[in-house]
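Okay, structure first, notes after.
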Amino acid sequence: MALSHSSSSNGGLVSAVRRFMESASAGGIVLMVAALLAMLIANSPFAGSYFDTLHCYVGGLSVLHWINDGLMAIFFLFVGLEIKRELVDGRLSTWDQRRLPVLAAIAGMAAPAAVYLLVTGGDPTLINGWAIPAATDIAFAIGVLALLGPRAPTSLKLFLVTVAIVDDMGAVAIIALFYTSGLVIPALLAAVVILAGMFALNRFGVRSLPIYLLGFGLLWFAVLLSGVHATIAGVLAAFAIPIVRTPGAPDASHSPLHKLEHALNAPVAFFIVPLFGFANAGVALGGLTLDEILSPMPIGIAAGLFIGKQLGIFAAVWLAVKSGFAAKPRGATWLQIYAVAVICGIGFTMSLFIGGLAFSDPLLVEEAKLGTLGGSLLAAFIGYALMRFAPLDAGHVREELAQAGEIARDGDVEAIESDMQRKPR
């Protein structure tokens, strides 16, 4: 999920995509450890201190709310920067690049929701959780692929990252449209004015990041008061930050968006997301009966993540390739594609986040966590096993070398001298 600077032996910088994957895998491993630690503490003699600390109020909000509404707004800012970069100057900048991941992401959001609703039987008390299994956790999923080393084709790593970014867009839209209530119009109007001011600054060529970060802080506060979930401010602010386009070439070193994305990657991957996982993954299993563990809610979420995701994504890719709508990922077999579709069922961060928004009943929130953890772990283990033992494509080595060269050519930072004439937009 994160990007980090790294020098190569010749003094240059390794490519953005390469660093993205390497850092994402490390962040995913930290996230796994944080979630496991939360589960252990929540079921230990320290459980009381753990839950009391999370519900301790500081400055009008509980510690849990500061994490979920405050720090996660920075996470969503980072997600918004990734989305804008991909749409303007990345793997989603043309229709040919978008068609397969967009189709797969849409199917991969619709199918889990359908499976969840089917399992829960349309129960009106549970229907609000339909979006919980919708999004893939990019850090966790890339972490699983990283454990596979060269057995995971580069094309499928790129495909997974792109699908995850597209369904992050969908998850943000779902949060804004379906998990917003009790709008406060004056605060909402203030948020609109602040956001319009940020876009105006962009339009007039202002590149100073501190000004945009100040705007982000004001926007977050206005959105928090408006009734719209405060984290939406992060994505909205990201779209106002200028980017310097460098199609087919390394990113511009003076691009404000890239600078901010690089500055946020380590804090997001190694602090914010693991802290969120630690604060939200703790489920006291001792307080749950077997009937509650096997109730429609956790089973519906787990089935949505594990069954719905793989069915939706794999069916979309198979139909798109067979119909000629899109090309098959290079150097990958159908079994490997299926394995990645299974791995996309790791919902974790976004699923836990939406689960906290969907229900006010603490018991339902705990059941949602349980379903998210169960479905995500099942998808991780089965997806890993499938990819680990899947035969490699006959042209695997050739394709890996070719794609490594392409990634190196479209790397991270371009020489400042040759890029000074490019304009942000």
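Ligands are numbered from 1 in the order shown, residues from 1 within each chain, and chains are lettered A, B, ... in the order they appear in the structure tokens.
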
Residue neighbourhood stretch 361-367 of chain A, 12 Å, only C-alpha atoms, exclusion window fewer than 2 positions, as an MDAnalysis selection string
chainID A and resid 39 42 125:129 132 280:302 351:359 369:374

Which residues are close to A:Ala105, i.e. within 7 Å by only C-alpha atoms, leaving aside same-chain residues fewer than 6 positions away? Reply as an NGL selection string.
:A and (163 or 166-167 or 313)

Write the selection just made, keeping N, CA, C and O atoms, as a short mmCIF file (atom, residue, chain, number, x, y, z; two decimals), in the first residue's frame?
```cif
data_model
loop_
_atom_site.label_atom_id
_atom_site.label_comp_id
_atom_site.auth_asym_id
_atom_site.auth_seq_id
_atom_site.Cartn_x
_atom_site.Cartn_y
_atom_site.Cartn_z
N VAL A 163 -7.21 -3.59 -9.46
CA VAL A 163 -8.56 -3.95 -9.03
C VAL A 163 -8.84 -3.39 -7.64
O VAL A 163 -9.93 -2.84 -7.38
N VAL A 166 -9.57 0.31 -7.85
CA VAL A 166 -10.90 0.57 -8.41
C VAL A 166 -11.98 0.29 -7.37
O VAL A 166 -12.92 1.07 -7.21
N ASP A 167 -11.86 -0.83 -6.64
CA ASP A 167 -12.93 -1.07 -5.67
C ASP A 167 -12.79 -0.21 -4.42
O ASP A 167 -13.76 -0.03 -3.68
N ILE A 313 -14.92 -11.90 -9.64
CA ILE A 313 -13.72 -11.47 -10.35
C ILE A 313 -13.31 -12.48 -11.42
O ILE A 313 -13.04 -12.10 -12.57
#
```

Could you pull out all residues of stretch 30-98 of chain A with a DSSP call of helix (DSSP H, G or I) and give them as a PyMOL selection string?
chain A and resi 30-42+47-54+63-89+95-98

Atom-to-atom span, atom CA of A:Ala104 and atom CA of A:Leu92, Å
13.4 Å

A:Phe51 environment, 9 Å, only C-alpha atoms, sequence neighbours closer than 4 positions dropped, as an mmCIF file with N, CA, C and O atoms, in the first residue's frame:
```
data_model
loop_
_atom_site.group_PDB
_atom_site.id
_atom_site.type_symbol
_atom_site.label_atom_id
_atom_site.label_comp_id
_atom_site.auth_asym_id
_atom_site.auth_seq_id
_atom_site.Cartn_x
_atom_site.Cartn_y
_atom_site.Cartn_z
ATOM 1 N N ALA A 42 -7.440 -9.151 23.127
ATOM 2 C CA ALA A 42 -8.888 -9.118 23.393
ATOM 3 C C ALA A 42 -9.367 -10.387 24.087
ATOM 4 O O ALA A 42 -10.462 -10.401 24.654
ATOM 5 N N PHE A 46 -5.661 -8.882 29.674
ATOM 6 C CA PHE A 46 -5.510 -7.453 29.390
ATOM 7 C C PHE A 46 -6.675 -6.902 28.579
ATOM 8 O O PHE A 46 -6.661 -5.735 28.174
ATOM 9 N N ALA A 47 -7.688 -7.723 28.315
ATOM 10 C CA ALA A 47 -8.812 -7.303 27.473
ATOM 11 C C ALA A 47 -9.505 -6.063 28.027
ATOM 12 O O ALA A 47 -9.871 -5.142 27.271
ATOM 13 N N HIS A 55 -12.172 3.170 24.327
ATOM 14 C CA HIS A 55 -13.401 3.930 24.551
ATOM 15 C C HIS A 55 -13.197 5.092 25.527
ATOM 16 O O HIS A 55 -14.172 5.699 25.981
ATOM 17 N N CYS A 56 -11.957 5.409 25.795
ATOM 18 C CA CYS A 56 -11.629 6.574 26.614
ATOM 19 C C CYS A 56 -11.759 7.842 25.765
ATOM 20 O O CYS A 56 -11.270 7.881 24.632
ATOM 21 N N ALA A 279 -6.839 -1.633 16.612
ATOM 22 C CA ALA A 279 -7.973 -1.083 17.357
ATOM 23 C C ALA A 279 -9.297 -1.739 16.983
ATOM 24 O O ALA A 279 -10.236 -1.732 17.784
ATOM 25 N N GLY A 282 -9.806 -6.615 17.396
ATOM 26 C CA GLY A 282 -9.935 -7.334 18.650
ATOM 27 C C GLY A 282 -11.363 -7.802 18.897
ATOM 28 O O GLY A 282 -12.262 -6.979 19.083
#
```

Counting only C-alpha atoms, which residue out of A:Val321, A:Gly48, A:Tyr212, A:Ser360 sits closest to A:Tyr179?
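Smallest separation from A:Tyr179 among the options: A:Ser360.
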
Do a neighbour search on A:Ala222 at 8 Å with only C-alpha atoms, toss out local chain neighbours closer than 3 positions, and write the hits as a PyMOL selection string.
chain A and resi 187-188+190-191+218-219+225-226

For stretch 73-80 of chain A, work out the shell of residues within 10 Å, counting only C-alpha atoms and skipping chain neighbours fewer than 4 positions away, then give it as a PyMOL selection string.
chain A and resi 1-2+66-69+84-86+165+168-169+172+216-217+220+229-241+257+260-265+267-269+272-273+276

Selection from above, C-alpha atoms, as a CSV table (one decimal), in the first residue's frame, can you write it?
```
chain,number,residue,atom,x,y,z
A,1,MET,CA,0.0,0.0,0.0
A,2,ALA,CA,2.9,2.3,0.4
A,66,TRP,CA,-9.9,9.5,16.7
A,67,ILE,CA,-8.4,6.5,14.9
A,68,ASN,CA,-11.4,5.7,12.7
A,69,ASP,CA,-12.5,9.2,11.9
A,84,LYS,CA,-6.0,10.3,-8.9
A,85,ARG,CA,-2.4,9.2,-10.0
A,86,GLU,CA,-3.7,6.0,-11.6
A,165,ILE,CA,-7.7,0.7,-6.3
A,168,ASP,CA,-11.5,1.5,-3.2
A,169,MET,CA,-13.3,4.0,-5.4
A,172,VAL,CA,-15.6,5.4,-0.9
A,216,PHE,CA,-7.5,19.3,4.1
A,217,GLY,CA,-7.6,19.9,7.9
A,220,TRP,CA,-12.0,17.3,7.5
A,229,HIS,CA,-18.3,10.4,7.3
A,230,ALA,CA,-15.2,12.5,8.0
A,231,THR,CA,-12.8,10.2,6.1
A,232,ILE,CA,-14.5,11.2,2.8
A,233,ALA,CA,-12.6,14.5,3.2
A,234,GLY,CA,-9.4,12.7,2.5
A,235,VAL,CA,-10.4,11.5,-0.9
A,236,LEU,CA,-12.0,14.8,-1.8
A,237,ALA,CA,-8.8,16.7,-0.8
A,238,ALA,CA,-6.6,14.4,-2.7
A,239,PHE,CA,-8.4,15.2,-6.0
A,240,ALA,CA,-7.7,18.9,-5.5
A,241,ILE,CA,-3.9,18.4,-5.1
A,257,LEU,CA,0.8,14.8,-5.6
A,260,LEU,CA,2.7,14.0,-0.7
A,261,GLU,CA,2.1,10.4,-1.7
A,262,HIS,CA,5.7,9.5,-1.0
A,263,ALA,CA,5.7,11.4,2.3
A,264,LEU,CA,2.5,9.6,3.5
A,265,ASN,CA,3.4,6.1,2.4
A,267,PRO,CA,3.2,6.5,8.1
A,268,VAL,CA,0.1,5.0,6.4
A,269,ALA,CA,1.6,1.5,5.8
A,272,ILE,CA,-2.0,4.2,10.6
A,273,VAL,CA,-3.3,1.0,8.9
A,276,PHE,CA,-6.5,0.8,12.8
```

State, in Å with one decimal place, the distance from atom CA of A:Gly121 to atom CA of A:Phe178.
20.0 Å

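Atom CA of A:Arg388 sits 9.5 Å away from atom CA of A:Gly149.
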